[in-house]
Amino acid sequence: MQAPVNYYLVLAAILFAIGAFGVLLRRNVIVILMSVELMLNAVNVTFVALARKAQSVDGQVIVFFVMTVAAAEVAIGLAIILANFAQRRTVNADEIGLLRW
Amino acid sequence: MDPDVILFWVVAVLSVASALTAVLHRNPVYCALALVMALFQVAVMFVALDAHLIALLQVIVYAGAIVVLFLFVIMLLSLEPDAPPRGRYGMRAASIMIAVVLGVEIGTAALISEPGAPFRVPFDFGSTRMVAQSLFTEHLLPFELTSVLLLVAMIGAVVMARRRA
């Protein structure tokens, strides 16, 4: 017998909250990006769990797209971090206020 | 207890522990390694939920590509471990509170939703054939747009990473 789908949904909620916690708490932009990855993964778990419950692979296809977008996001994000570090020698989110009004 | 339920609890404990390590550890390298652990646990969840292709992609794309990229950048910048946080108690308390409220809120919604009685699914549910069939017929347009997105991301990353004149 399988563990009920609700278990997975609750676990995904916990992982999402941990990711959100990291985004709010940490000042290192690289760790903030990692936390965002964690949040995306929690959402993926929800998609797959509900896809199984609905007996449709549509949810799994969406996870495929989410992974693609996550990969693109990380590539761009890390490139921005590198370019910023080359100029300012910092990865602290508090010291990167270039776009702040 | 069923082996599947035992597996769930093992994965649950390991994933939450490694996710907390990834978020809280002061050394970014350890954060990245803990993140690998958490992503592997997510892959195990995918297998348990009959998403075999997605689980494989999870290991290849996340553990294989994304985290390596993270580690590469961390090593390239040769970062020191973050200084211990000082002050900003209000901000820290607020972020803990927001995270707890968020988790409890979504978790409760998931718990009280229709009880997830396990369904029987077709034998080949989540197989490459089944996912690919849906991907290349029903979702063909988004799939093609994905390639454009990747191209844009690639060009963007190259432009961003180039040394400024």
# chains A, B, ... in the order shown; residues from 1 in each chain; ligands from 1
>>> closest_atom_pairs(of="chain B", to="chain A", cutoff="6 Å", atoms="only C-alpha atoms", output="CSV")
residue,atom,partner,partner_atom,distance
B:Asp4,CA,A:Gln2,CA,5.5
B:Val5,CA,A:Ala3,CA,4.9
B:Val23,CA,A:Gly22,CA,5.1
B:Ser95,CA,A:Leu24,CA,5.6
B:Ala99,CA,A:Ala17,CA,5.0
B:Leu102,CA,A:Ala17,CA,6.0
B:Gly103,CA,A:Ala17,CA,4.9
B:Ile106,CA,A:Ala13,CA,5.6
B:Gly107,CA,A:Val10,CA,4.7
B:Ala110,CA,A:Leu9,CA,5.7
B:Leu111,CA,A:Asn6,CA,5.9
B:Gly116,CA,A:Val5,CA,4.8
B:Ala117,CA,A:Pro4,CA,5.8
B:Pro118,CA,A:Pro4,CA,5.7
B:Ala153,CA,A:Ala72,CA,5.4
B:Ala157,CA,A:Ile76,CA,5.0
B:Met160,CA,A:Ala79,CA,5.7
B:Ala161,CA,A:Ala79,CA,5.2
>>> select_by_dssp(residues="chain B", states="alpha helix (DSSP H)", output="PyMOL selection string")
chain B and resi 3-24+28-48+52-57+67-77+89-112+128-137+140-161
>>> atom_distance(atom1="atom CA of Val73 of chain B", atom2="atom CA of Val43 of chain A")
25.5 Å
>>> decode(residues="segment 5-52 of chain B", atoms="N, CA and C atoms", output="CSV table (one decimal), in the first residue's frame")
chain,number,residue,atom,x,y,z
B,5,VAL,N,5.0,3.2,3.8
B,5,VAL,CA,4.8,4.3,4.8
B,5,VAL,C,6.1,4.5,5.5
B,6,ILE,N,6.8,3.4,5.8
B,6,ILE,CA,8.1,3.6,6.5
B,6,ILE,C,9.1,4.4,5.6
B,7,LEU,N,9.1,4.0,4.3
B,7,LEU,CA,9.9,4.8,3.4
B,7,LEU,C,9.6,6.3,3.4
B,8,PHE,N,8.3,6.5,3.4
B,8,PHE,CA,7.8,7.9,3.5
B,8,PHE,C,8.4,8.7,4.7
B,9,TRP,N,8.4,8.0,5.9
B,9,TRP,CA,8.8,8.7,7.1
B,9,TRP,C,10.3,8.9,7.0
B,10,VAL,N,11.1,7.9,6.5
B,10,VAL,CA,12.5,8.0,6.4
B,10,VAL,C,12.8,9.2,5.5
B,11,VAL,N,12.2,9.3,4.3
B,11,VAL,CA,12.4,10.3,3.4
B,11,VAL,C,12.0,11.7,4.0
B,12,ALA,N,10.9,11.7,4.7
B,12,ALA,CA,10.4,12.9,5.3
B,12,ALA,C,11.5,13.5,6.3
B,13,VAL,N,12.0,12.6,7.2
B,13,VAL,CA,12.9,13.1,8.2
B,13,VAL,C,14.2,13.6,7.5
B,14,LEU,N,14.7,12.8,6.6
B,14,LEU,CA,16.0,13.1,5.9
B,14,LEU,C,15.8,14.4,5.1
B,15,SER,N,14.7,14.6,4.4
B,15,SER,CA,14.6,15.7,3.5
B,15,SER,C,14.4,17.0,4.4
B,16,VAL,N,13.7,16.9,5.4
B,16,VAL,CA,13.5,18.1,6.3
B,16,VAL,C,14.9,18.5,6.9
B,17,ALA,N,15.6,17.5,7.4
B,17,ALA,CA,16.9,17.7,8.1
B,17,ALA,C,17.8,18.3,7.1
B,18,SER,N,17.9,17.8,5.9
B,18,SER,CA,18.9,18.3,4.9
B,18,SER,C,18.5,19.7,4.4
B,19,ALA,N,17.2,19.9,4.3
B,19,ALA,CA,16.7,21.2,3.8
B,19,ALA,C,17.1,22.2,4.9
B,20,LEU,N,16.9,21.9,6.1
B,20,LEU,CA,17.2,22.9,7.2
B,20,LEU,C,18.7,23.2,7.2
B,21,THR,N,19.5,22.1,7.0
B,21,THR,CA,21.0,22.3,6.9
B,21,THR,C,21.3,23.2,5.7
B,22,ALA,N,20.7,23.0,4.6
B,22,ALA,CA,21.0,23.8,3.4
B,22,ALA,C,20.6,25.2,3.6
B,23,VAL,N,19.6,25.5,4.4
B,23,VAL,CA,19.2,26.9,4.6
B,23,VAL,C,19.9,27.6,5.7
B,24,LEU,N,20.3,26.8,6.7
B,24,LEU,CA,20.9,27.4,7.9
B,24,LEU,C,22.4,27.4,8.0
B,25,HIS,N,23.1,26.5,7.3
B,25,HIS,CA,24.5,26.4,7.5
B,25,HIS,C,25.2,27.6,7.0
B,26,ARG,N,26.3,28.0,7.8
B,26,ARG,CA,26.9,29.3,7.5
B,26,ARG,C,27.9,29.1,6.3
B,27,ASN,N,28.4,27.9,6.1
B,27,ASN,CA,29.4,27.7,5.0
B,27,ASN,C,28.6,27.3,3.7
B,28,PRO,N,28.7,28.2,2.6
B,28,PRO,CA,27.9,27.9,1.4
B,28,PRO,C,28.2,26.5,0.8
B,29,VAL,N,29.4,26.0,0.9
B,29,VAL,CA,29.7,24.7,0.3
B,29,VAL,C,28.9,23.6,1.0
B,30,TYR,N,28.8,23.7,2.4
B,30,TYR,CA,27.9,22.7,3.0
B,30,TYR,C,26.5,22.9,2.7
B,31,CYS,N,26.1,24.1,2.5
B,31,CYS,CA,24.7,24.4,2.0
B,31,CYS,C,24.4,23.7,0.7
B,32,ALA,N,25.4,23.8,-0.2
B,32,ALA,CA,25.2,23.1,-1.5
B,32,ALA,C,25.1,21.6,-1.4
B,33,LEU,N,26.0,21.1,-0.5
B,33,LEU,CA,26.0,19.6,-0.3
B,33,LEU,C,24.7,19.1,0.3
B,34,ALA,N,24.2,19.9,1.3
B,34,ALA,CA,23.0,19.5,2.0
B,34,ALA,C,21.8,19.6,1.0
B,35,LEU,N,22.0,20.6,0.0
B,35,LEU,CA,20.9,20.8,-1.0
B,35,LEU,C,20.9,19.5,-1.9
B,36,VAL,N,22.0,19.0,-2.2
B,36,VAL,CA,22.1,17.8,-3.0
B,36,VAL,C,21.3,16.7,-2.3
B,37,MET,N,21.6,16.5,-1.0
B,37,MET,CA,20.9,15.5,-0.2
B,37,MET,C,19.4,15.7,-0.3
B,38,ALA,N,18.9,17.0,-0.1
B,38,ALA,CA,17.5,17.2,-0.1
B,38,ALA,C,16.9,16.9,-1.5
B,39,LEU,N,17.6,17.3,-2.6
B,39,LEU,CA,17.1,17.0,-3.9
B,39,LEU,C,17.0,15.5,-4.2
B,40,PHE,N,18.0,14.7,-3.6
B,40,PHE,CA,17.9,13.3,-3.8
B,40,PHE,C,16.7,12.7,-3.1
B,41,GLN,N,16.4,13.3,-1.9
B,41,GLN,CA,15.2,12.8,-1.2
B,41,GLN,C,14.0,13.1,-2.0
B,42,VAL,N,13.9,14.3,-2.7
B,42,VAL,CA,12.8,14.6,-3.5
B,42,VAL,C,12.7,13.6,-4.7
B,43,ALA,N,13.9,13.2,-5.2
B,43,ALA,CA,13.9,12.2,-6.3
B,43,ALA,C,13.3,10.9,-5.8
B,44,VAL,N,13.6,10.5,-4.5
B,44,VAL,CA,13.0,9.3,-3.9
B,44,VAL,C,11.5,9.4,-3.8
B,45,MET,N,11.1,10.6,-3.4
B,45,MET,CA,9.6,10.8,-3.4
B,45,MET,C,9.0,10.6,-4.7
B,46,PHE,N,9.6,11.1,-5.8
B,46,PHE,CA,9.1,11.0,-7.1
B,46,PHE,C,9.0,9.5,-7.5
B,47,VAL,N,10.0,8.7,-7.1
B,47,VAL,CA,9.9,7.3,-7.4
B,47,VAL,C,8.7,6.7,-6.7
B,48,ALA,N,8.6,7.0,-5.4
B,48,ALA,CA,7.5,6.5,-4.6
B,48,ALA,C,6.1,6.9,-5.2
B,49,LEU,N,6.1,8.0,-5.9
B,49,LEU,CA,4.8,8.5,-6.5
B,49,LEU,C,4.7,8.1,-7.9
B,50,ASP,N,5.4,7.1,-8.4
B,50,ASP,CA,5.3,6.5,-9.7
B,50,ASP,C,5.7,7.6,-10.8
B,51,ALA,N,6.7,8.4,-10.5
B,51,ALA,CA,7.1,9.4,-11.5
B,51,ALA,C,8.6,9.0,-11.8
B,52,HIS,N,8.8,7.9,-12.5
B,52,HIS,CA,10.2,7.4,-12.6
B,52,HIS,C,11.0,8.3,-13.5
